[in-house]
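Participant: Coordinates in run-v2.cif, mmCIF, C-alpha atoms, are listed below.
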```
data_model
#
loop_
_atom_site.label_atom_id
_atom_site.label_comp_id
_atom_site.auth_asym_id
_atom_site.auth_seq_id
_atom_site.Cartn_x
_atom_site.Cartn_y
_atom_site.Cartn_z
CA MET Q 1 0.00 0.00 0.00
CA LYS Q 2 2.74 2.44 0.98
CA ASP Q 3 4.75 1.57 -2.16
CA TRP Q 4 1.68 2.03 -4.31
CA LEU Q 5 0.98 5.47 -2.85
CA LEU Q 6 4.64 6.42 -3.17
CA LYS Q 7 4.61 5.46 -6.85
CA TYR Q 8 1.70 7.77 -7.56
CA TRP Q 9 3.27 10.57 -5.52
CA ARG Q 10 6.41 10.33 -7.66
CA VAL Q 11 4.36 10.59 -10.86
CA LEU Q 12 2.59 13.67 -9.54
CA ASN Q 13 5.77 15.21 -8.22
CA ARG Q 14 7.72 14.87 -11.49
CA PRO Q 15 7.62 17.64 -14.13
CA SER Q 16 5.66 16.78 -17.26
CA ILE Q 17 7.69 15.20 -20.08
CA HIS Q 18 5.18 15.12 -22.98
CA PHE Q 19 2.75 17.98 -22.25
CA SER Q 20 3.56 21.68 -22.29
CA PHE Q 21 2.99 23.96 -19.32
CA GLY Q 22 0.40 25.92 -21.29
CA PHE Q 23 -1.55 22.80 -22.25
CA LEU Q 24 -1.67 21.64 -18.67
CA THR Q 25 -2.78 24.96 -17.16
CA LEU Q 26 -5.30 25.84 -19.90
CA GLY Q 27 -6.47 22.23 -20.19
CA GLY Q 28 -6.89 22.02 -16.43
CA PHE Q 29 -8.81 25.27 -16.47
CA ILE Q 30 -11.19 24.12 -19.22
CA ALA Q 31 -11.64 20.68 -17.70
CA GLY Q 32 -12.39 22.38 -14.39
CA ILE Q 33 -15.15 24.43 -15.98
CA ILE Q 34 -16.61 21.34 -17.62
CA PHE Q 35 -16.52 19.23 -14.49
CA TRP Q 36 -17.79 21.98 -12.20
CA GLY Q 37 -20.56 22.90 -14.62
CA GLY Q 38 -21.45 19.26 -15.13
CA PHE Q 39 -21.54 18.67 -11.42
CA ASN Q 40 -23.83 21.59 -10.75
CA THR Q 41 -26.06 20.76 -13.71
CA ALA Q 42 -26.41 17.20 -12.49
CA MET Q 43 -27.19 18.45 -9.00
CA GLU Q 44 -29.71 20.91 -10.38
CA TYR Q 45 -31.37 18.06 -12.26
CA THR Q 46 -31.98 16.29 -8.93
CA ASN Q 47 -33.87 19.44 -7.89
CA THR Q 48 -36.45 19.21 -10.67
CA GLN Q 49 -40.04 18.14 -10.37
CA GLU Q 50 -39.51 15.34 -12.92
CA PHE Q 51 -36.71 13.88 -10.86
CA CYS Q 52 -38.67 13.98 -7.59
CA THR Q 53 -41.84 12.53 -9.08
CA GLY Q 54 -39.87 9.99 -11.09
CA CYS Q 55 -40.42 7.47 -8.29
CA HIS Q 56 -43.90 6.25 -7.45
CA GLU Q 57 -43.34 6.87 -3.73
CA MET Q 58 -43.32 10.62 -4.29
CA ARG Q 59 -45.62 10.76 -7.31
CA ASP Q 60 -48.48 8.77 -5.78
CA ASN Q 61 -48.34 10.08 -2.22
CA VAL Q 62 -46.91 13.49 -1.48
CA TYR Q 63 -47.10 14.95 -5.00
CA VAL Q 64 -50.82 14.20 -5.25
CA GLU Q 65 -51.41 15.95 -1.94
CA LEU Q 66 -49.43 19.00 -2.99
CA GLN Q 67 -51.65 19.51 -6.01
CA ASN Q 68 -54.65 20.52 -3.88
CA THR Q 69 -52.80 23.21 -2.02
CA ILE Q 70 -52.19 26.90 -2.64
CA HIS Q 71 -48.49 26.25 -3.11
CA PHE Q 72 -49.29 24.36 -6.32
CA SER Q 73 -52.06 26.37 -7.90
CA ASN Q 74 -53.15 29.88 -7.00
CA ARG Q 75 -54.36 33.19 -8.40
CA SER Q 76 -50.93 34.60 -9.22
CA GLY Q 77 -49.48 31.48 -10.79
CA VAL Q 78 -46.41 31.15 -8.58
CA ARG Q 79 -45.66 27.51 -7.85
CA ALA Q 80 -43.43 26.05 -5.19
CA LYS Q 81 -42.01 22.77 -6.44
CA CYS Q 82 -40.61 20.02 -4.17
CA SER Q 83 -37.07 21.37 -3.95
CA ASP Q 84 -38.17 24.94 -3.20
CA CYS Q 85 -39.17 23.82 0.28
CA HIS Q 86 -37.20 20.62 0.81
CA VAL Q 87 -33.77 21.67 -0.47
CA PRO Q 88 -31.93 24.80 0.74
CA HIS Q 89 -31.12 27.33 -1.95
CA GLU Q 90 -27.68 28.40 -0.69
CA TRP Q 91 -24.90 26.21 -2.03
CA THR Q 92 -23.28 25.00 1.22
CA TYR Q 93 -26.60 24.15 2.89
CA LYS Q 94 -27.74 22.56 -0.34
CA MET Q 95 -24.67 20.30 -0.42
CA ALA Q 96 -25.29 19.26 3.18
CA ARG Q 97 -28.92 18.42 2.41
CA LYS Q 98 -27.94 16.52 -0.75
CA MET Q 99 -25.51 14.45 1.26
CA ALA Q 100 -28.17 13.74 3.84
CA ALA Q 101 -30.45 12.71 0.96
CA SER Q 102 -28.24 9.68 0.33
CA LYS Q 103 -30.27 8.12 3.11
CA GLU Q 104 -33.31 8.58 0.89
CA VAL Q 105 -31.58 6.63 -1.86
CA TRP Q 106 -31.06 3.87 0.69
CA GLY Q 107 -34.77 4.02 1.52
CA LYS Q 108 -35.64 3.79 -2.17
CA ILE Q 109 -33.40 0.76 -2.74
CA PHE Q 110 -34.72 -1.13 0.27
CA GLY Q 111 -38.34 -0.08 -0.24
CA THR Q 112 -38.94 1.65 3.09
CA ILE Q 113 -42.11 3.32 1.79
CA ASN Q 114 -42.76 1.40 -1.42
CA THR Q 115 -46.43 0.78 -0.62
CA ARG Q 116 -49.19 3.17 0.46
CA GLU Q 117 -49.51 1.32 3.77
CA LYS Q 118 -45.81 1.57 4.53
CA PHE Q 119 -45.90 5.24 3.66
CA GLN Q 120 -48.83 5.90 6.01
CA GLU Q 121 -47.03 4.02 8.78
CA ASN Q 122 -43.94 6.18 8.32
CA ARG Q 123 -45.71 9.46 7.66
CA ARG Q 124 -45.35 10.76 11.22
CA ARG Q 125 -41.66 9.89 11.37
CA LEU Q 126 -40.95 11.51 8.00
CA ALA Q 127 -42.98 14.60 8.89
CA GLU Q 128 -41.12 14.95 12.15
CA HIS Q 129 -37.81 14.97 10.26
CA GLU Q 130 -38.99 17.91 8.17
CA TRP Q 131 -40.47 19.77 11.16
CA ALA Q 132 -37.20 19.33 13.06
CA ARG Q 133 -35.16 20.48 10.07
CA LEU Q 134 -37.24 23.63 9.52
CA LYS Q 135 -37.39 24.37 13.23
CA ALA Q 136 -33.60 24.12 13.48
CA ASN Q 137 -32.94 26.42 10.53
CA ASN Q 138 -35.64 28.95 11.53
CA SER Q 139 -37.83 27.97 8.56
CA ARG Q 140 -35.16 29.06 6.09
CA GLU Q 141 -36.91 27.51 3.10
CA CYS Q 142 -40.21 29.23 3.92
CA ARG Q 143 -38.42 32.55 4.20
CA ASN Q 144 -36.86 32.16 0.75
CA CYS Q 145 -40.22 33.47 -0.47
CA HIS Q 146 -42.10 34.61 2.65
CA GLU Q 147 -39.82 37.28 4.02
CA PHE Q 148 -40.89 38.78 7.32
CA ASP Q 149 -39.66 42.23 6.31
CA SER Q 150 -41.82 42.19 3.18
CA MET Q 151 -45.02 41.28 5.04
CA ASP Q 152 -47.70 43.94 4.96
CA PHE Q 153 -49.73 43.43 8.11
CA THR Q 154 -52.50 45.67 6.82
CA ARG Q 155 -53.15 43.10 4.11
CA GLN Q 156 -53.37 40.19 6.53
CA SER Q 157 -56.40 39.07 8.48
CA GLN Q 158 -56.69 40.19 12.09
CA ARG Q 159 -55.73 36.89 13.62
CA ALA Q 160 -52.75 36.55 11.30
CA VAL Q 161 -51.53 40.02 12.29
CA GLN Q 162 -51.91 39.16 15.94
CA MET Q 163 -49.76 36.03 15.64
CA HIS Q 164 -47.18 37.42 13.22
CA SER Q 165 -46.63 40.67 15.09
CA SER Q 166 -46.11 38.96 18.42
CA ALA Q 167 -44.74 35.42 18.31
CA LEU Q 168 -43.09 35.54 14.89
CA ALA Q 169 -41.70 39.09 15.23
CA SER Q 170 -40.07 38.32 18.56
CA GLY Q 171 -38.50 35.17 17.16
CA GLU Q 172 -40.21 33.10 19.83
CA LYS Q 173 -41.82 31.03 17.09
CA THR Q 174 -40.93 30.21 13.53
CA CYS Q 175 -43.16 29.49 10.52
CA ILE Q 176 -43.25 25.71 10.92
CA ASP Q 177 -44.44 25.93 14.54
CA CYS Q 178 -47.91 26.90 13.34
CA HIS Q 179 -47.93 26.17 9.61
CA LYS Q 180 -47.70 22.39 9.58
CA GLY Q 181 -49.36 20.37 6.86
CA ILE Q 182 -49.66 23.30 4.46
CA ALA Q 183 -48.44 21.33 1.46
CA HIS Q 184 -49.10 17.72 2.43
CA GLU Q 185 -51.58 15.82 4.57
CA LEU Q 186 -50.84 15.72 8.26
CA PRO Q 187 -49.93 12.48 10.03
CA ASP Q 188 -51.60 11.41 13.26
CA MET Q 189 -51.05 14.59 15.30
CA SER Q 190 -51.71 13.19 18.77
CA GLY Q 191 -49.05 14.49 21.14
CA VAL Q 192 -47.60 17.07 18.74
CA GLU Q 193 -47.03 20.43 20.43
CA GLY Q 194 -49.74 22.90 19.47
CA TRP Q 195 -52.25 20.26 18.36
CA MET L 196 -123.89 14.66 -30.46
CA ASN L 197 -123.47 15.75 -26.83
CA LYS L 198 -120.64 13.29 -26.31
CA LEU L 199 -118.81 14.51 -29.41
CA LEU L 200 -119.13 18.12 -28.28
CA MET L 201 -117.70 17.27 -24.85
CA THR L 202 -114.72 15.45 -26.35
CA VAL L 203 -113.96 18.36 -28.63
CA LEU L 204 -114.24 20.83 -25.76
CA ILE L 205 -112.00 18.80 -23.43
CA THR L 206 -109.37 18.38 -26.11
CA ALA L 207 -109.41 22.09 -26.85
CA VAL L 208 -109.07 23.06 -23.15
CA ALA L 209 -106.31 20.49 -22.58
CA GLY L 210 -104.46 21.72 -25.63
CA LEU L 211 -104.66 25.33 -24.52
CA THR L 212 -103.42 24.51 -21.01
CA LEU L 213 -100.47 22.48 -22.31
CA ASN L 214 -99.64 25.29 -24.69
CA ALA L 215 -99.70 27.77 -21.81
CA ILE L 216 -97.43 25.56 -19.65
CA ALA L 217 -94.99 25.15 -22.50
CA GLU L 218 -94.95 28.88 -23.05
CA THR L 219 -94.25 29.74 -19.41
CA ASN L 220 -91.53 27.08 -19.23
CA GLY L 221 -89.85 28.47 -22.27
CA LYS L 222 -89.99 32.14 -21.49
CA ASN L 223 -91.21 33.43 -18.19
CA ILE L 224 -89.83 31.09 -15.54
CA ALA L 225 -86.06 30.77 -15.24
CA ASN L 226 -84.98 27.33 -14.09
CA LEU L 227 -81.63 26.36 -12.58
CA ARG L 228 -80.07 26.21 -16.03
CA GLY L 229 -81.08 29.78 -16.71
CA ASN L 230 -82.34 30.31 -20.22
CA THR L 231 -79.72 28.15 -21.85
CA GLU L 232 -80.93 25.75 -24.48
CA ILE L 233 -81.03 22.11 -23.46
CA THR L 234 -78.43 21.21 -26.07
CA LYS L 235 -75.94 23.78 -24.83
CA GLU L 236 -73.70 23.92 -21.80
CA SER L 237 -74.72 26.67 -19.40
CA LYS L 238 -72.07 29.02 -18.07
CA ALA L 239 -71.04 28.22 -14.52
CA PRO L 240 -71.54 31.08 -12.05
CA SER L 241 -68.32 32.62 -10.77
CA LEU L 242 -67.02 31.72 -7.34
CA TYR L 243 -67.21 34.32 -4.60
CA PRO L 244 -64.41 34.96 -2.13
CA VAL L 245 -64.91 33.63 1.37
CA GLU L 246 -65.48 36.29 4.04
CA ASN L 247 -62.29 36.61 6.07
CA THR L 248 -63.11 39.48 8.41
CA ASP L 249 -62.53 37.70 11.75
CA ILE L 250 -65.61 39.50 13.06
CA LYS L 251 -68.18 37.32 14.82
CA GLN L 252 -71.58 37.41 13.16
CA GLN L 253 -74.92 37.54 14.88
CA ARG L 254 -76.78 34.26 15.15
CA ALA L 255 -80.25 34.10 13.63
CA TYR L 256 -81.56 31.95 16.49
CA PRO L 257 -80.05 30.89 19.83
CA MET L 258 -79.12 27.35 18.81
CA GLN L 259 -77.59 28.28 15.48
CA PRO L 260 -74.05 26.95 15.09
CA PRO L 261 -71.85 30.06 14.92
CA LEU L 262 -70.60 30.93 11.45
CA VAL L 263 -66.89 30.75 10.70
CA PRO L 264 -65.66 34.31 10.06
CA HIS L 265 -62.45 33.25 8.33
CA LYS L 266 -61.16 31.13 5.47
CA THR L 267 -60.90 27.40 6.04
CA ASP L 268 -59.32 26.36 2.74
CA ASN L 269 -57.60 22.99 3.00
CA TYR L 270 -58.26 22.64 6.72
CA GLN L 271 -57.69 18.99 7.53
CA VAL L 272 -60.41 17.48 9.71
CA ASP L 273 -60.08 13.72 9.80
CA LYS L 274 -58.86 10.81 11.90
CA GLN L 275 -55.28 12.08 11.77
CA ALA L 276 -55.69 15.74 12.63
CA ASN L 277 -58.20 18.49 13.27
CA LYS L 278 -56.98 21.86 12.10
CA CYS L 279 -59.93 23.72 13.67
CA LEU L 280 -59.22 22.30 17.11
CA SER L 281 -55.59 23.35 16.89
CA CYS L 282 -56.93 26.80 17.79
CA HIS L 283 -60.44 26.25 19.19
CA SER L 284 -59.89 23.34 21.58
CA ARG L 285 -59.80 23.88 25.34
CA ARG L 286 -56.03 23.42 25.50
CA ARG L 287 -55.29 25.85 22.68
CA THR L 288 -57.50 28.89 23.25
CA GLU L 289 -55.13 30.70 25.62
CA GLU L 290 -52.45 30.91 22.98
CA SER L 291 -54.74 31.40 19.98
CA GLN L 292 -57.35 33.63 21.69
CA ALA L 293 -59.93 31.91 19.51
CA PRO L 294 -63.38 31.16 20.96
CA MET L 295 -63.42 27.75 22.64
CA VAL L 296 -65.80 25.11 21.34
CA SER L 297 -68.79 25.09 23.67
CA VAL L 298 -69.02 22.60 26.54
CA THR L 299 -71.80 20.74 24.73
CA HIS L 300 -69.11 19.48 22.35
CA TYR L 301 -67.44 17.69 25.26
CA MET L 302 -70.62 15.78 26.15
CA ASP L 303 -71.77 12.43 24.91
CA ARG L 304 -75.42 12.01 23.96
CA ASP L 305 -76.34 11.07 27.53
CA GLY L 306 -74.97 14.34 28.85
CA ASN L 307 -71.81 12.88 30.40
CA PHE L 308 -68.75 15.06 30.14
CA LEU L 309 -65.75 13.64 28.32
CA ALA L 310 -62.08 14.57 28.51
CA ASP L 311 -61.93 15.64 24.89
CA VAL L 312 -64.29 16.67 22.11
CA SER L 313 -66.95 14.02 21.57
CA PRO L 314 -66.60 12.03 18.34
CA ARG L 315 -70.14 13.03 17.34
CA ARG L 316 -69.07 16.70 17.45
CA TYR L 317 -65.63 16.21 15.92
CA PHE L 318 -66.42 17.18 12.32
CA CYS L 319 -66.66 20.94 12.71
CA ASN L 320 -67.67 21.81 9.16
CA GLN L 321 -70.79 19.66 9.34
CA CYS L 322 -72.42 22.54 11.22
CA HIS L 323 -70.02 25.50 11.14
CA VAL L 324 -69.69 27.04 7.73
CA THR L 325 -67.95 29.97 6.12
CA GLN L 326 -69.81 32.70 4.27
CA THR L 327 -69.17 34.24 0.88
CA SER L 328 -69.96 37.70 -0.40
CA ALA L 329 -72.41 36.29 -2.96
CA LYS L 330 -75.80 37.99 -3.22
CA PRO L 331 -78.63 35.63 -2.23
CA LEU L 332 -80.65 34.38 -5.21
CA LEU L 333 -83.88 34.89 -3.29
CA THR L 334 -84.70 37.36 -0.55
CA ASN L 335 -84.63 35.68 2.81
CA GLN L 336 -87.95 35.84 4.62
CA PHE L 337 -86.64 34.53 7.90
CA VAL L 338 -87.97 36.45 10.90
CA ASP L 339 -86.04 36.57 14.13
CA VAL L 340 -87.87 35.21 17.18
CA ASP L 341 -87.41 38.53 18.97
CA THR L 342 -89.25 40.31 16.17
CA ILE L 343 -92.13 37.87 16.46
CA LEU L 344 -92.28 38.33 20.22
CA GLN L 345 -92.26 42.11 19.91
CA LYS L 346 -95.04 42.01 17.33
CA THR L 347 -97.15 39.86 19.65
CA LEU L 348 -96.48 42.21 22.53
CA LYS L 349 -97.50 45.23 20.45
CA LYS L 350 -100.70 43.47 19.39
CA ALA L 351 -101.51 42.64 23.01
CA GLU L 352 -100.98 46.30 23.98
CA HIS L 353 -103.55 47.50 21.44
#
```
Would you mind writing the structure in this file as structure tokens?
Facilitator:
Amino acid sequence: MKDWLLKYWRVLNRPSIHFSFGFLTLGGFIAGIIFWGGFNTAMEYTNTQEFCTGCHEMRDNVYVELQNTIHFSNRSGVRAKCSDCHVPHEWTYKMARKMAASKEVWGKIFGTINTREKFQENRRRLAEHEWARLKANNSRECRNCHEFDSMDFTRQSQRAVQMHSSALASGEKTCIDCHKGIAHELPDMSGVEGW
Amino acid sequence: MNKLLMTVLITAVAGLTLNAIAETNGKNIANLRGNTEITKESKAPSLYPVENTDIKQQRAYPMQPPLVPHKTDNYQVDKQANKCLSCHSRRRTEESQAPMVSVTHYMDRDGNFLADVSPRRYFCNQCHVTQTSAKPLLTNQFVDVDTILQKTLKKAEH
């Protein structure tokens, strides 16, 4: 093992014999662009609706439920797709979430929720993961669109103003504390705080 | 001769009546389809926005289930969760400042008090409904019981 590593180190450490300095720097630069672009494009593809609903687990359960909600169809025609809420938009957080999503690939391979019954059984557990995630990051994905500073309280209903101007403004509560089940059906809520 | 005359008369009267019915159906009385021809699709009436004022409305009679003065779009009320009770249940009203469901909702049909909302009162929107800003198709002729009582009192005074 040590010899093998040493051999490769020597190759890397030696000046190039056949390729010019210019070829190596420019070539490396161009290859870098291609690989980096390709990587980000591939990652962006995993953020699309087609990718998410490519598996029946998502298409037949959560995607169907989303279609009835205001986040899917509304008067102004703005739609929040899966990744808008479930994947952070900033690059570092996005990478962390994508790495965590490898567990979801595991779930897909071993069929953790491959039937409706299994999905219903796991719904509470899965929902709790998302609630915990959004609670921990102060509902970052909600705030990508619903910015507190842009809220016009005069255009909200009285009870919304009351809640938003007190609990949300003081930071005591975050979006997900009250707005659960806004895009998908709720699981059995017995014992959940606030229900 | 008499018989023949009667038959002719009856036929004539029947014909006139049928003609009259047909005429009123066609022109004067609007049915649910409006005046759209039977072979054509009638235009659906537009939807009205739900009242979202958060102001309690007066009840028409003491036992009327209170109206919901806010939107309830996509409120989940089923075996899993009850969105209404997440504000209106006994445990939640302090934080939400929403009116608590009345004590009758915590009683079974024999009048025994239960720890939580009775299953027979669980489905809120069976009785409590939202209102829209739509104009009523017919004028409502409902008279409040107080009005009736006052009328009777006035009559008795005279």
Participant: Using all atoms listed in the file, find each residue in chain L having at least one atom no more than 12 Å away from chain Q; report its shortest atom-to-atom pair and that distance in Å (one decimal), rows by chain then rising number, as a tab-separated table.
Facilitator:
```
residue	atom	partner	partner_atom	distance
L:Pro244	CA	Q:Arg75	CA	12.0
L:Glu246	CA	Q:Ser157	CA	10.5
L:Asn247	CA	Q:Ser157	CA	6.8
L:Thr248	CA	Q:Ser157	CA	6.7
L:Asp249	CA	Q:Gln158	CA	6.4
L:Ile250	CA	Q:Gln158	CA	9.0
L:Pro264	CA	Q:Ser157	CA	10.5
L:His265	CA	Q:Ser157	CA	8.4
L:Lys266	CA	Q:Ser157	CA	9.7
L:Asp268	CA	Q:Thr69	CA	8.7
L:Asn269	CA	Q:Thr69	CA	6.9
L:Tyr270	CA	Q:Ile182	CA	8.9
L:Gln271	CA	Q:Glu185	CA	7.5
L:Val272	CA	Q:Leu186	CA	9.8
L:Asp273	CA	Q:Asp188	CA	9.4
L:Lys274	CA	Q:Asp188	CA	7.4
L:Gln275	CA	Q:Asp188	CA	4.0
L:Ala276	CA	Q:Met189	CA	5.5
L:Asn277	CA	Q:Trp195	CA	8.0
L:Lys278	CA	Q:Trp195	CA	8.0
L:Cys279	CA	Q:Trp195	CA	9.6
L:Leu280	CA	Q:Trp195	CA	7.4
L:Ser281	CA	Q:Trp195	CA	4.8
L:Cys282	CA	Q:Trp195	CA	8.1
L:His283	CA	Q:Trp195	CA	10.2
L:Ser284	CA	Q:Trp195	CA	8.8
L:Arg285	CA	Q:Trp195	CA	10.9
L:Arg286	CA	Q:Trp195	CA	8.7
L:Arg287	CA	Q:Gly194	CA	7.1
L:Thr288	CA	Q:Gly194	CA	10.5
L:Glu289	CA	Q:Gly194	CA	11.3
L:Glu290	CA	Q:Gly194	CA	9.2
L:Ser291	CA	Q:Met163	CA	8.1
L:Gln292	CA	Q:Arg159	CA	8.9
L:Ala293	CA	Q:Arg159	CA	8.8
```
Participant: Determine the residue set returned by the PyMOL selection byres ((chain L and resi 309-324) around 6) for the present structure, and present it as a PyMOL selection string.
Facilitator: chain L and resi 260+262-263+300-302+308+325
Participant: Determine the nearest neighbour of Q:Thr48 from the options Q:Glu117, Q:Asp84, Q:Phe153, Q:Phe23, counting all atoms listed in the file.
Facilitator: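 Using all atoms listed in the file, Q:Thr48 sits closest to Q:Asp84.
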Participant: Please enumerate the residues selected by the PyMOL selection byres ((chain Q and resi 62) around 10) when evaluated against the supplied file, formatted as a PyMOL selection string.
Facilitator: chain Q and resi 53+56-61+63-67+82+119+183-185
Participant: Expressed in Å to a single decimal, how great is the separation between atom CA of L:Lys238 and atom CA of L:Lys330?
Facilitator: 17.7 Å
Participant: One decimal, in Å: what's the spacing between atom CA of Q:Ala132 and atom CA of Q:His86?
Facilitator: 12.3 Å
Participant: Please compute the atom CA of Q:Glu130-atom CA of Q:Cys145 distance, one decimal, in Å.
Facilitator: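 Rounded to one decimal, the two atoms are 17.8 Å apart.
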Participant: Return the single residue from Q:His71, Q:Arg79, Q:Lys2, Q:His89 that is closest to Q:Arg140, with distances computed using all atoms listed in the file.
Facilitator: Q:His89
Participant: Just checking: using all atoms listed in the file, which residue out of Q:Arg125, Q:Arg133, Q:Ile34, Q:Met43 ends up closest to Q:Met99?
Facilitator: Q:Met43
